[in-house]
Structure formats: C-alpha cells, structure tokens
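S.K.: This is the structure I have questions about; it appears just below.
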Amino acid sequence: MKLIIVSGLSGSGKSIALDTLEDCGYYCIDNLPVTLLENFINHVMLFDQKTYAKTAIGIDARNQSESLVNFSENLQLIRNKQIDCEIIFMQAEESTLLKRYSETRRRHPLTDLNVPLREALKIEREMLTPIARHASVVIDTSRTHYHQLRELIKDQIGERDAQHISLQFQSFGFKHGVPLDADFVFDARSLPNPYWMPELRGLTGKDQPVIDFLNQQEHVAELFTDVAGFLGRWIPRFEAEGRSYLTVAIGCTGGQHRSVYLVEALANQFKDFSSNVIVRHRELQ
C-alpha cells in the first residue's frame, strides 16, 4: 500500500498537488488531523485495501501544534504496518507567499487581530518543521506556475517507476536565487559565457550554436566530467540508502546558457542509469 503525505506552507500549492495526485489515481483527503491519522490507517486503509491502495493525505498548520510535535511517532507507527509512506513538503520564498496572499485576498489560517501575515508565515514554518525534516522530497514553488507544478508532481510522484531513484536536473540563474529544493548545487559561472557573444546572446543552452560553442571549451568539458563523476559515484549510495528523489541544480548568472547546456548534457548522461530523469529549466519557463 502507498501513502503520500502532502504538507507545506499555506499558499505553496498543496491543493494543486492533491488535485494532481487524485488525477493519478490516488484517493485524496485534505486536512486530516494528525491525531486521527493512526485511526484512519487502522480502520480505513487497512480495512479496505483495494479502495485505499494509493492514498494521499494533506496535513497542514490547521492542525494543533501539539499534534504536529508528535508527528515522528505517528510516522513510525505507519511504517511499522508495512505501508510505503512518503512525504512531499512544499514551500516558497516569503516574498512569493506574501504576494500570493495579496493577489488572492485569502486569509492565512494562523492570522488574527494580533498576528499579521508575515508573523503567521514564520510561526507556520516552525510548526511544520517536524514534518519537513522527514520529507522525501521538498518542492519550492516560488517560480512555478499551476501547469508546471502539476507536471512536476506527475514526474516525481504520480507516474514514476518506483524501482529506481528519480533524478531531477535543474538549471537556474544565481541572480534569481538558489533553488530551495536542491540536494546538490553546482556553480557554472566560471565558464566562458555565450552571453558576451552578440550572435549567441538571444539563444539558450538548448540551441545548437550555443551547444557548439560550449562543446569547444576545455573548462566546460572539465566541469561536466567532474560533476558527472561525482554523481556517478554517489547516486548509487543514495539509492542504496532508500532515497527516492535527488535534485541536482546547476547555476550560471542568468540561467539561460551554461547551466541549461550542462543540465541537458547530464540528463542525457544519466538517462540509462535511471528511467526517472526529469529536466527542468527554471528561468526558461
């Protein structure tokens, strides 16, 4: 049996994640109190294993903080019953969450006359720490819109081959911030930059003229070899430890040329290692 717990900050996209999992065949329940989790497992999931063979549950800050503190104990009880349980934790930058609440005019569940929105976000992050520390995968939605998030959930959870680790290679621009959900971050800013060549400036690392230019650069080949060698040695160890997901982020200044080129090359290098290779170019979306 498969149980996915979806948690994270309010406004980070948990509802979209649950809707997507429902489309992938999961029985979804939003905002189940943690105190009822064990009873739900014993008297619902295990009682009707056919209906609840694939279940997703949303747990968020609407729970009492005391019950969230004991989340580790509840998780261990679930796994002791031989249920395959994974946790998706969703987050976003504070500025992004503030902007989303401003645009939608929704009320944060922890705000009141004495607690403004910014303070509520800080309280919520602390409350959810017991869940976040057990997350199988962390998704940063700061620069992800509705359709991109749905595809990301499908790639990482809904439609993947569970027999192999899921590898996500992501390009990004340092001037837009480092991805919060990356397991490894590599810096390509020391490489020759196609941006300074007028005929390449408007292209990306997926265009053949840029590829040809970077293929000719000795330092580009050296960095690719070093990163590929590192990942080749360590990915099997992560997989042996039971990790289901690994996100590798490659950054350059703007996230248009060098990082895109390297992500495409690494994804091609490791496509035979895992059938679950995901490519994401954050600044090209």
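The chains in the structure tokens are called A, B, ... from first to last as shown; in each chain the residues are counted from 1, and the ligands are counted from 1 in the order shown.
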Please report as a tab-separated table every residue of stretch 126-206 of chain A lying within 10 Å of stretch 58-71 of chain A, along with the nearest atom pair and their distance in Å (one decimal), using only C-alpha atoms.

M.R.:
```
residue	atom	partner	partner_atom	distance
A:Glu126	CA	A:Ser65	CA	9.5
A:Met127	CA	A:Ser65	CA	6.1
A:Leu128	CA	A:Ala61	CA	6.8
A:Thr129	CA	A:Val69	CA	8.6
A:Pro130	CA	A:Val69	CA	6.1
A:Ile131	CA	A:Phe71	CA	6.6
A:His134	CA	A:Phe71	CA	9.4
```

S.K.: For the residues in that selection, give me C-alpha atoms as a compact mmCIF listing (two decimals), in the first residue's frame.

M.R.:
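To be explicit, this is the file written out as part.txt:
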```
# COMPACT_ATOMS: atom_id res chain seq x y z
CA GLU A 126 8.25 26.46 12.78
CA MET A 127 5.09 24.42 13.39
CA LEU A 128 5.67 22.29 10.30
CA THR A 129 9.35 21.58 11.00
CA PRO A 130 8.57 18.09 12.44
CA ILE A 131 7.03 17.15 9.08
CA HIS A 134 11.01 13.74 7.31
```

S.K.: Could you pull out the alpha helix (DSSP H) residues of stretch 56-141 of chain A from DSSP and send them as a PyMOL selection string?

M.R.: chain A and resi 65-69+71-80+94-104+117-127+129-132

S.K.: As a VMD selection string, please: every residue in stretch 65-283 of chain A that DSSP puts in strand (DSSP E).

M.R.: chain A and resid 84 to 91 137 to 140 166 to 173 184 to 187 245 to 252 277 to 281

S.K.: Between stretch 147-222 of chain A and stretch 72-89 of chain A, at 10 Å or less, what are the per-residue closest atom pairs and their distances in Å? Count only C-alpha atoms, order by chain and rising residue number, and return it as JSON lines.

M.R.:
```
{"residue": "A:Ile153", "atom": "CA", "partner": "A:Ile88", "partner_atom": "CA", "distance": 9.4}
{"residue": "A:Gln156", "atom": "CA", "partner": "A:Ile88", "partner_atom": "CA", "distance": 9.9}
{"residue": "A:Ile157", "atom": "CA", "partner": "A:Ile88", "partner_atom": "CA", "distance": 9.0}
{"residue": "A:Asp181", "atom": "CA", "partner": "A:Phe89", "partner_atom": "CA", "distance": 9.6}
```

S.K.: Would you output that residue set with C-alpha atoms, as an mmCIF file, in the first residue's frame?

M.R.:
```
data_model
loop_
_atom_site.group_PDB
_atom_site.id
_atom_site.type_symbol
_atom_site.label_atom_id
_atom_site.label_comp_id
_atom_site.auth_asym_id
_atom_site.auth_seq_id
_atom_site.Cartn_x
_atom_site.Cartn_y
_atom_site.Cartn_z
ATOM 1 C CA ILE A 153 4.183 16.352 -9.256
ATOM 2 C CA GLN A 156 8.248 12.980 -9.306
ATOM 3 C CA ILE A 157 5.358 11.105 -7.706
ATOM 4 C CA ASP A 181 14.667 22.205 -3.073
#
```

S.K.: Show me a table, sorted first by chain and then by increasing residue number, of the residues of stretch 7-44 of chain A having an atom at most 10 Å from stretch 135-145 of chain A, each with its shortest atom pair and the distance in Å to one decimal, counting only C-alpha atoms and written as JSON lines.

M.R.:
```
{"residue": "A:Ser7", "atom": "CA", "partner": "A:Ala135", "partner_atom": "CA", "distance": 9.0}
{"residue": "A:Gly8", "atom": "CA", "partner": "A:Val138", "partner_atom": "CA", "distance": 9.0}
{"residue": "A:Gly11", "atom": "CA", "partner": "A:Thr141", "partner_atom": "CA", "distance": 9.4}
{"residue": "A:Ser12", "atom": "CA", "partner": "A:Thr141", "partner_atom": "CA", "distance": 6.1}
{"residue": "A:Gly13", "atom": "CA", "partner": "A:Thr141", "partner_atom": "CA", "distance": 7.3}
```
